[in-house]
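**Student:** Can you read through this structure? Questions will come right after.
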Amino acid sequence: MVTLGCTRNEVDSEELAGRLRAGGFRLVADPEDADTVVVNTCGFVEQAKKDSVDTLLEAADLKVEHGGRAQAVVAVGCMAERYGKELASSLPEADAVLGFDDYPDIAARLRGIVAGETHHPHTPKDRRLLLPISPAERDAGSLSVPGLAGADVTDFSEVRARLDDAPWAPLKLASGCDRRCTFCAIPSFRGSFVSRRPSDVLHEAAWLGQQGVKELFLVSENSTSYGKDLGDLRLLETLLPELAAVDGIARVRVSYLQPAETRPGLVARIADTPGVAPYFDLSFQHASNAVLRRMKRFGDPDSFLGLLDQIRSLAPEAGIRSNVIVGFPGETEQDLEILCDFLESARLDVTGVFGYSDEEGTAAAGFTDKLDEDEVRARTEHVTALVEELTAQRAEERIGQTLDVLVESVEDGTVTGRAAHQGPEVDGVTTLVECSAKVGDMVRASVVATEGADLIARAEEAR
């Protein structure tokens, strides 16, 4: 099982792995030992799609070069769902392209493909149309919603198999999105927003705790919408303390908050609940109100900075990260200046910078006032350089702070982990000195130096 893309895809891969194992397949770590290679693709942006195709081609080459042990290379995931038969016809090296509707019967599908049966890929459709517009009327029980398996399941090993032994794991709150951002195609192939029942989330959290997981990373396309289709938009505020109290779990982290939907009550619950990381993954995307309106989003520098002030008044050392899109159609030099001024004032721990590119099926792809590719590239490089400087400055502000660091790696005497303000894989790491902890330990440490966004801290105690 090869996983590309975001942490939501990682949950989907582990669901597929669990279903395959339950269906008689044995998981192996090395593609060279596999009869079947399943590539969970990403279809978010052009580079991600290219990486997915390259990975499928590499797997197909492996099948040929190693005497034919691998009998099938199968594409699943967002790119497979988004393009279906188009991907299958353009990439004959893949033996099958499976959509989300194939997930519940994945073992039978793969068994047939390995036996030489021809699988007919689906014709993509807008998955938002599969559920009612009104969230209160949604019942996803008749649909295959990746990562939301396990309703009424008490033993999650039946529907999820961990693919690594990391001390943290993603846990899905919901799937899909009801927003209509003009640059984003995700809702069309992920579908409308559907929350998981709190009992299912808690049962899976308990199972993960039994697997040795110490940190839960709550993921979805829009965590601030959790519960709206269940009749309680404040459900996440209720759920967080319960998740933090699960046996074995030392820390709970929430990802992907929409700034315009981030309520004071949710800010307070994340900021002051013991066991919940004071970590705010806020998807600003830009700061100019004119650009945000064209994106069909809401906000401006004053409202965003007000939200940051609110967070820091409750949790002064909170971790705050975001993403921004540079070079969006119609973006003026003044808009870019507004964005840069905001980033300087915001003091974010990490900011992902993306240059705008057209995505098929989005409203922005049809906009006429697009910037030249060279101009988009130049603006992206400018903002990236600014962000790197600001990120390094923000890290230096943490010198002298005392942090709780979850150890993730011990190699050749070097102990590395993440503090509460550092999300998995994208927010930098903390290297511990004078430390003999093992993977999974939570270490109290004082920051003594920095390297870019990364911290160096002296261990005080482990637990």
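Letters for chains follow the order of the structure tokens (A, B, ...), residue numbers begin at 1 for each chain, and ligand numbers begin at 1 in the order shown.
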Taking the chain letters and numbering used in this document, name the residues of range 234-312 of chain A that DSSP puts in strand (DSSP E), as a CSV table (one decimal) with all heavy atoms, in the first residue's frame.
**Tutor:**
```
chain,number,residue,atom,x,y,z
A,251,ARG,N,-2.2,13.4,23.9
A,251,ARG,CA,-2.4,14.7,23.2
A,251,ARG,C,-3.4,14.5,22.1
A,251,ARG,O,-3.3,13.6,21.3
A,251,ARG,CB,-1.1,15.3,22.7
A,251,ARG,CG,-1.2,16.7,22.2
A,251,ARG,CD,0.2,17.4,22.3
A,251,ARG,NE,1.2,16.9,21.4
A,251,ARG,CZ,2.5,17.1,21.5
A,251,ARG,NH1,3.0,17.8,22.5
A,251,ARG,NH2,3.3,16.5,20.6
A,252,VAL,N,-4.3,15.5,21.9
A,252,VAL,CA,-5.2,15.5,20.8
A,252,VAL,C,-5.0,16.8,20.0
A,252,VAL,O,-4.8,17.9,20.6
A,252,VAL,CB,-6.7,15.5,21.3
A,252,VAL,CG1,-7.7,15.6,20.1
A,252,VAL,CG2,-6.9,14.2,22.1
A,253,ARG,N,-5.0,16.7,18.7
A,253,ARG,CA,-4.7,17.9,17.9
A,253,ARG,C,-5.8,18.0,16.8
A,253,ARG,O,-6.1,17.0,16.2
A,253,ARG,CB,-3.3,17.7,17.2
A,253,ARG,CG,-2.8,18.9,16.4
A,253,ARG,CD,-1.5,18.6,15.7
A,253,ARG,NE,-0.5,18.2,16.6
A,253,ARG,CZ,0.3,19.0,17.3
A,253,ARG,NH1,0.2,20.3,17.1
A,253,ARG,NH2,1.2,18.5,18.2
A,254,VAL,N,-6.2,19.2,16.6
A,254,VAL,CA,-7.3,19.5,15.6
A,254,VAL,C,-6.6,20.1,14.3
A,254,VAL,O,-5.8,21.0,14.5
A,254,VAL,CB,-8.4,20.4,16.1
A,254,VAL,CG1,-9.5,20.5,15.1
A,254,VAL,CG2,-9.0,19.8,17.4
A,279,TYR,N,-3.3,24.4,19.3
A,279,TYR,CA,-2.7,24.4,18.0
A,279,TYR,C,-3.9,24.7,17.0
A,279,TYR,O,-5.0,24.1,17.1
A,279,TYR,CB,-2.2,23.0,17.6
A,279,TYR,CG,-1.8,22.7,16.2
A,279,TYR,CD1,-0.5,23.1,15.8
A,279,TYR,CD2,-2.6,22.1,15.3
A,279,TYR,CE1,-0.1,22.8,14.5
A,279,TYR,CE2,-2.2,21.8,14.0
A,279,TYR,CZ,-1.0,22.2,13.6
A,279,TYR,OH,-0.5,22.0,12.3
A,280,PHE,N,-3.7,25.7,16.2
A,280,PHE,CA,-4.7,26.3,15.3
A,280,PHE,C,-4.2,26.3,13.9
A,280,PHE,O,-3.4,27.1,13.5
A,280,PHE,CB,-5.1,27.7,15.8
A,280,PHE,CG,-5.7,27.7,17.2
A,280,PHE,CD1,-4.9,27.7,18.3
A,280,PHE,CD2,-7.1,27.7,17.3
A,280,PHE,CE1,-5.5,27.7,19.6
A,280,PHE,CE2,-7.7,27.7,18.6
A,280,PHE,CZ,-6.9,27.7,19.7
A,281,ASP,N,-4.8,25.3,13.1
A,281,ASP,CA,-4.5,25.2,11.7
A,281,ASP,C,-5.6,26.0,10.9
A,281,ASP,O,-6.7,25.5,10.6
A,281,ASP,CB,-4.5,23.7,11.3
A,281,ASP,CG,-4.3,23.5,9.8
A,281,ASP,OD1,-3.9,24.4,9.1
A,281,ASP,OD2,-4.6,22.3,9.4
```
**Student:** Could you give me, as a ChimeraX atom specification, the residues within 12 Å of range 358-375 of chain A, counting only C-alpha atoms and dropping anything in the same chain fewer than 5 positions from it?
**Tutor:** /A:43-49,82-83,124-126,180-189,291,293-296,325-333,336,380-382
**Student:** Record the distance separating CA of Ser357 in chain A and CA of Arg297 in chain A, expressed in Å with one decimal.
**Tutor:** 17.7 Å
**Student:** Could you please write out, as a short mmCIF file (atom, residue, chain, number, x, y, z; two decimals) with N, CA and C atoms, in the first residue's frame, every residue of range 97-316 of chain A that DSSP assigns to alpha helix (DSSP H)?
**Tutor:**
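Saved result, states-v3.cif, follows:
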```cif
data_model
loop_
_atom_site.label_atom_id
_atom_site.label_comp_id
_atom_site.auth_asym_id
_atom_site.auth_seq_id
_atom_site.Cartn_x
_atom_site.Cartn_y
_atom_site.Cartn_z
N ILE A 106 -13.22 -4.06 -1.48
CA ILE A 106 -11.89 -3.95 -2.05
C ILE A 106 -11.19 -5.31 -2.15
N ALA A 107 -11.37 -6.20 -1.19
CA ALA A 107 -10.69 -7.50 -1.24
C ALA A 107 -11.18 -8.31 -2.43
N ALA A 108 -12.49 -8.33 -2.65
CA ALA A 108 -13.04 -9.07 -3.79
C ALA A 108 -12.59 -8.44 -5.10
N ARG A 109 -12.55 -7.11 -5.13
CA ARG A 109 -12.10 -6.42 -6.36
C ARG A 109 -10.65 -6.83 -6.69
N LEU A 110 -9.78 -6.77 -5.69
CA LEU A 110 -8.37 -7.09 -5.96
C LEU A 110 -8.19 -8.56 -6.31
N ARG A 111 -8.94 -9.41 -5.66
CA ARG A 111 -8.81 -10.83 -5.96
C ARG A 111 -9.19 -11.10 -7.43
N GLY A 112 -10.23 -10.44 -7.89
CA GLY A 112 -10.63 -10.60 -9.28
C GLY A 112 -9.60 -10.04 -10.25
N ILE A 113 -9.02 -8.89 -9.89
CA ILE A 113 -8.02 -8.27 -10.77
C ILE A 113 -6.78 -9.14 -10.87
N VAL A 114 -6.33 -9.69 -9.75
CA VAL A 114 -5.16 -10.58 -9.75
C VAL A 114 -5.45 -11.83 -10.58
N ILE A 186 -11.98 19.75 -4.59
CA ILE A 186 -12.13 18.64 -3.67
C ILE A 186 -13.59 18.27 -3.39
N PRO A 187 -14.49 19.23 -3.14
CA PRO A 187 -15.87 18.83 -2.85
C PRO A 187 -16.52 18.00 -3.96
N SER A 188 -16.14 18.25 -5.20
CA SER A 188 -16.79 17.53 -6.31
C SER A 188 -16.48 16.04 -6.28
N PHE A 189 -15.28 15.66 -5.80
CA PHE A 189 -14.99 14.22 -5.78
C PHE A 189 -14.95 13.64 -4.37
N ARG A 190 -14.95 14.48 -3.34
CA ARG A 190 -15.06 13.98 -1.96
C ARG A 190 -16.51 14.03 -1.47
N PRO A 198 -20.10 10.84 17.14
CA PRO A 198 -19.09 10.92 18.21
C PRO A 198 -18.73 9.55 18.78
N SER A 199 -19.69 8.66 18.90
CA SER A 199 -19.40 7.33 19.46
C SER A 199 -18.41 6.57 18.58
N ASP A 200 -18.54 6.71 17.25
CA ASP A 200 -17.61 6.03 16.35
C ASP A 200 -16.21 6.61 16.47
N VAL A 201 -16.13 7.95 16.58
CA VAL A 201 -14.83 8.61 16.74
C VAL A 201 -14.18 8.15 18.04
N LEU A 202 -14.94 8.09 19.11
CA LEU A 202 -14.40 7.70 20.42
C LEU A 202 -13.97 6.23 20.42
N HIS A 203 -14.75 5.36 19.79
CA HIS A 203 -14.38 3.95 19.74
C HIS A 203 -13.08 3.75 18.95
N GLU A 204 -12.94 4.49 17.85
CA GLU A 204 -11.70 4.35 17.08
C GLU A 204 -10.53 4.95 17.84
N ALA A 205 -10.76 6.05 18.55
CA ALA A 205 -9.70 6.64 19.36
C ALA A 205 -9.23 5.65 20.42
N ALA A 206 -10.17 4.94 21.05
CA ALA A 206 -9.80 3.95 22.06
C ALA A 206 -8.98 2.83 21.44
N TRP A 207 -9.36 2.40 20.24
CA TRP A 207 -8.61 1.35 19.54
C TRP A 207 -7.19 1.83 19.22
N LEU A 208 -7.07 3.08 18.76
CA LEU A 208 -5.75 3.62 18.45
C LEU A 208 -4.89 3.70 19.72
N GLY A 209 -5.51 4.08 20.84
CA GLY A 209 -4.78 4.11 22.09
C GLY A 209 -4.25 2.73 22.46
N GLN A 210 -5.02 1.69 22.17
CA GLN A 210 -4.58 0.32 22.45
C GLN A 210 -3.44 -0.10 21.52
N LEU A 235 -20.57 20.33 18.64
CA LEU A 235 -20.27 18.97 19.03
C LEU A 235 -18.78 18.74 19.25
N LEU A 236 -17.94 19.41 18.46
CA LEU A 236 -16.49 19.24 18.62
C LEU A 236 -16.04 19.74 19.99
N GLU A 237 -16.67 20.81 20.46
CA GLU A 237 -16.31 21.35 21.77
C GLU A 237 -16.60 20.33 22.88
N THR A 238 -17.65 19.55 22.68
CA THR A 238 -18.00 18.50 23.64
C THR A 238 -17.10 17.29 23.51
N LEU A 239 -16.72 16.97 22.26
CA LEU A 239 -15.97 15.76 21.98
C LEU A 239 -14.51 15.84 22.42
N LEU A 240 -13.91 17.01 22.31
CA LEU A 240 -12.47 17.14 22.58
C LEU A 240 -12.07 16.66 23.98
N PRO A 241 -12.75 17.08 25.05
CA PRO A 241 -12.35 16.57 26.38
C PRO A 241 -12.50 15.06 26.49
N GLU A 242 -13.51 14.50 25.83
CA GLU A 242 -13.70 13.05 25.88
C GLU A 242 -12.57 12.32 25.17
N LEU A 243 -12.12 12.86 24.05
CA LEU A 243 -10.99 12.25 23.34
C LEU A 243 -9.71 12.36 24.16
N ALA A 244 -9.51 13.49 24.81
CA ALA A 244 -8.30 13.69 25.62
C ALA A 244 -8.27 12.74 26.81
N PRO A 264 -15.76 31.49 19.10
CA PRO A 264 -15.05 31.73 20.36
C PRO A 264 -15.07 30.52 21.29
N GLY A 265 -16.19 29.81 21.35
CA GLY A 265 -16.26 28.63 22.22
C GLY A 265 -15.30 27.54 21.80
N LEU A 266 -15.11 27.36 20.49
CA LEU A 266 -14.16 26.35 20.01
C LEU A 266 -12.74 26.79 20.29
N VAL A 267 -12.46 28.06 20.08
CA VAL A 267 -11.11 28.59 20.40
C VAL A 267 -10.79 28.32 21.86
N ALA A 268 -11.73 28.62 22.73
CA ALA A 268 -11.50 28.44 24.16
C ALA A 268 -11.29 26.98 24.51
N ARG A 269 -12.07 26.08 23.88
CA ARG A 269 -11.95 24.66 24.21
C ARG A 269 -10.60 24.10 23.75
N ILE A 270 -10.13 24.52 22.58
CA ILE A 270 -8.82 24.06 22.10
C ILE A 270 -7.71 24.66 22.96
N ALA A 271 -7.89 25.91 23.36
CA ALA A 271 -6.82 26.62 24.09
C ALA A 271 -6.66 26.14 25.52
N ASP A 272 -7.77 25.72 26.18
CA ASP A 272 -7.64 25.49 27.63
C ASP A 272 -8.02 24.08 28.09
N ASN A 289 -9.29 41.32 1.18
CA ASN A 289 -10.73 41.04 1.11
C ASN A 289 -11.19 40.89 -0.33
N ALA A 290 -10.60 41.67 -1.25
CA ALA A 290 -10.99 41.59 -2.66
C ALA A 290 -10.66 40.21 -3.23
N VAL A 291 -9.47 39.70 -2.93
CA VAL A 291 -9.07 38.37 -3.42
C VAL A 291 -9.92 37.30 -2.75
N LEU A 292 -10.14 37.42 -1.46
CA LEU A 292 -10.94 36.42 -0.74
C LEU A 292 -12.36 36.35 -1.29
N ARG A 293 -12.94 37.48 -1.64
CA ARG A 293 -14.29 37.46 -2.21
C ARG A 293 -14.31 36.69 -3.53
N ARG A 294 -13.26 36.86 -4.34
CA ARG A 294 -13.19 36.13 -5.61
C ARG A 294 -12.96 34.64 -5.36
N PRO A 301 -7.59 41.51 6.86
CA PRO A 301 -6.54 41.53 7.88
C PRO A 301 -7.05 41.81 9.29
N ASP A 302 -7.99 42.74 9.43
CA ASP A 302 -8.46 43.08 10.77
C ASP A 302 -9.16 41.90 11.44
N SER A 303 -10.04 41.21 10.71
CA SER A 303 -10.75 40.08 11.33
C SER A 303 -9.80 38.93 11.62
N PHE A 304 -8.85 38.69 10.73
CA PHE A 304 -7.89 37.60 10.96
C PHE A 304 -6.99 37.90 12.15
N LEU A 305 -6.49 39.14 12.22
CA LEU A 305 -5.62 39.50 13.34
C LEU A 305 -6.41 39.51 14.65
N GLY A 306 -7.69 39.86 14.58
CA GLY A 306 -8.53 39.80 15.77
C GLY A 306 -8.67 38.38 16.28
N LEU A 307 -8.81 37.42 15.35
CA LEU A 307 -8.90 36.01 15.74
C LEU A 307 -7.59 35.56 16.38
N LEU A 308 -6.47 35.97 15.81
CA LEU A 308 -5.17 35.60 16.38
C LEU A 308 -4.98 36.20 17.77
N ASP A 309 -5.44 37.43 17.95
CA ASP A 309 -5.35 38.05 19.28
C ASP A 309 -6.19 37.28 20.29
N GLN A 310 -7.37 36.84 19.84
CA GLN A 310 -8.25 36.07 20.71
C GLN A 310 -7.58 34.77 21.14
N ILE A 311 -6.94 34.09 20.19
CA ILE A 311 -6.26 32.84 20.50
C ILE A 311 -5.13 33.08 21.49
N ARG A 312 -4.30 34.08 21.22
CA ARG A 312 -3.11 34.30 22.05
C ARG A 312 -3.45 34.88 23.41
N SER A 313 -4.63 35.50 23.54
CA SER A 313 -5.04 35.98 24.87
C SER A 313 -5.35 34.80 25.79
N LEU A 314 -5.76 33.67 25.19
CA LEU A 314 -6.07 32.47 25.96
C LEU A 314 -4.88 31.53 26.07
#
```
**Student:** Can you pull out the residues contacting Asp441 in chain A? Cut-off 9 Å, using only C-alpha atoms, and skip same-chain residues under 3 positions away; I want them as a list in words.
**Tutor:** Pro167, Lys214, Val405, Leu406, Val407, Glu408, Ala437, Lys438, Ala462 and Arg463 of chain A
**Student:** Those selected residues, please, written with C-alpha atoms and delivered as an mmCIF file, in the first residue's frame.
**Tutor:**
```cif
data_model
loop_
_atom_site.group_PDB
_atom_site.id
_atom_site.type_symbol
_atom_site.label_atom_id
_atom_site.label_comp_id
_atom_site.auth_asym_id
_atom_site.auth_seq_id
_atom_site.Cartn_x
_atom_site.Cartn_y
_atom_site.Cartn_z
ATOM 1 C CA PRO A 167 3.260 7.307 18.089
ATOM 2 C CA LYS A 214 -0.090 8.769 21.986
ATOM 3 C CA VAL A 405 7.771 16.948 23.098
ATOM 4 C CA LEU A 406 6.424 13.652 21.768
ATOM 5 C CA VAL A 407 9.427 11.546 20.709
ATOM 6 C CA GLU A 408 9.006 10.170 17.184
ATOM 7 C CA ALA A 437 14.010 8.850 25.835
ATOM 8 C CA LYS A 438 12.445 6.278 23.536
ATOM 9 C CA ALA A 462 10.404 12.078 30.368
ATOM 10 C CA ARG A 463 7.074 10.417 31.081
#
```
**Student:** Leaving out range 173-176 of chain A and any residue of its chain fewer than 5 positions from it, which residues lie within 7 Å of it when counting only C-alpha atoms, given as a ChimeraX atom specification?
**Tutor:** /A:187,190-196,201,218-221,226
**Student:** Write a file of the selected residues as a PDB file, in the first residue's frame, keeping C-alpha atoms.
**Tutor:**
```
ATOM      1  CA  PRO A 187     -15.870  18.827  -2.852  1.00  0.00           C
ATOM      2  CA  ARG A 190     -15.060  13.976  -1.964  1.00  0.00           C
ATOM      3  CA  GLY A 191     -18.719  14.913  -1.759  1.00  0.00           C
ATOM      4  CA  SER A 192     -20.868  16.847   0.684  1.00  0.00           C
ATOM      5  CA  PHE A 193     -19.846  17.278   4.308  1.00  0.00           C
ATOM      6  CA  VAL A 194     -20.666  14.254   6.479  1.00  0.00           C
ATOM      7  CA  SER A 195     -19.777  14.051  10.181  1.00  0.00           C
ATOM      8  CA  ARG A 196     -18.952  10.822  11.945  1.00  0.00           C
ATOM      9  CA  VAL A 201     -14.828   8.606  16.743  1.00  0.00           C
ATOM     10  CA  LEU A 218      -8.149  14.966  14.020  1.00  0.00           C
ATOM     11  CA  VAL A 219      -8.578  15.451  10.280  1.00  0.00           C
ATOM     12  CA  SER A 220     -11.337  16.410   7.860  1.00  0.00           C
ATOM     13  CA  GLU A 221     -11.863  18.843   4.997  1.00  0.00           C
ATOM     14  CA  TYR A 226     -18.230  19.073  12.551  1.00  0.00           C
TER      15      TYR A 226
END
```
**Student:** So which residues touch Ser283 in chain A within 7 Å, counting only C-alpha atoms, skipping near sequence neighbours fewer than 2 positions away, as a list in words?
**Tutor:**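 That gives Tyr256, Leu257, Gln258, Pro259, Asp281, Gln285, Ser322 and Asn323 of chain A.
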**Student:** What would the file look like if the residues just selected were written as an mmCIF file, in the first residue's frame with C-alpha atoms?
**Tutor:**
```
data_model
loop_
_atom_site.group_PDB
_atom_site.id
_atom_site.type_symbol
_atom_site.label_atom_id
_atom_site.label_comp_id
_atom_site.auth_asym_id
_atom_site.auth_seq_id
_atom_site.Cartn_x
_atom_site.Cartn_y
_atom_site.Cartn_z
ATOM 1 C CA TYR A 256 -8.102 22.444 9.254
ATOM 2 C CA LEU A 257 -10.179 25.176 10.819
ATOM 3 C CA GLN A 258 -12.002 27.677 8.621
ATOM 4 C CA PRO A 259 -11.220 31.153 10.048
ATOM 5 C CA ASP A 281 -4.521 25.201 11.681
ATOM 6 C CA GLN A 285 -5.597 31.442 1.879
ATOM 7 C CA SER A 322 -1.852 28.503 7.651
ATOM 8 C CA ASN A 323 -1.680 28.247 3.865
#
```
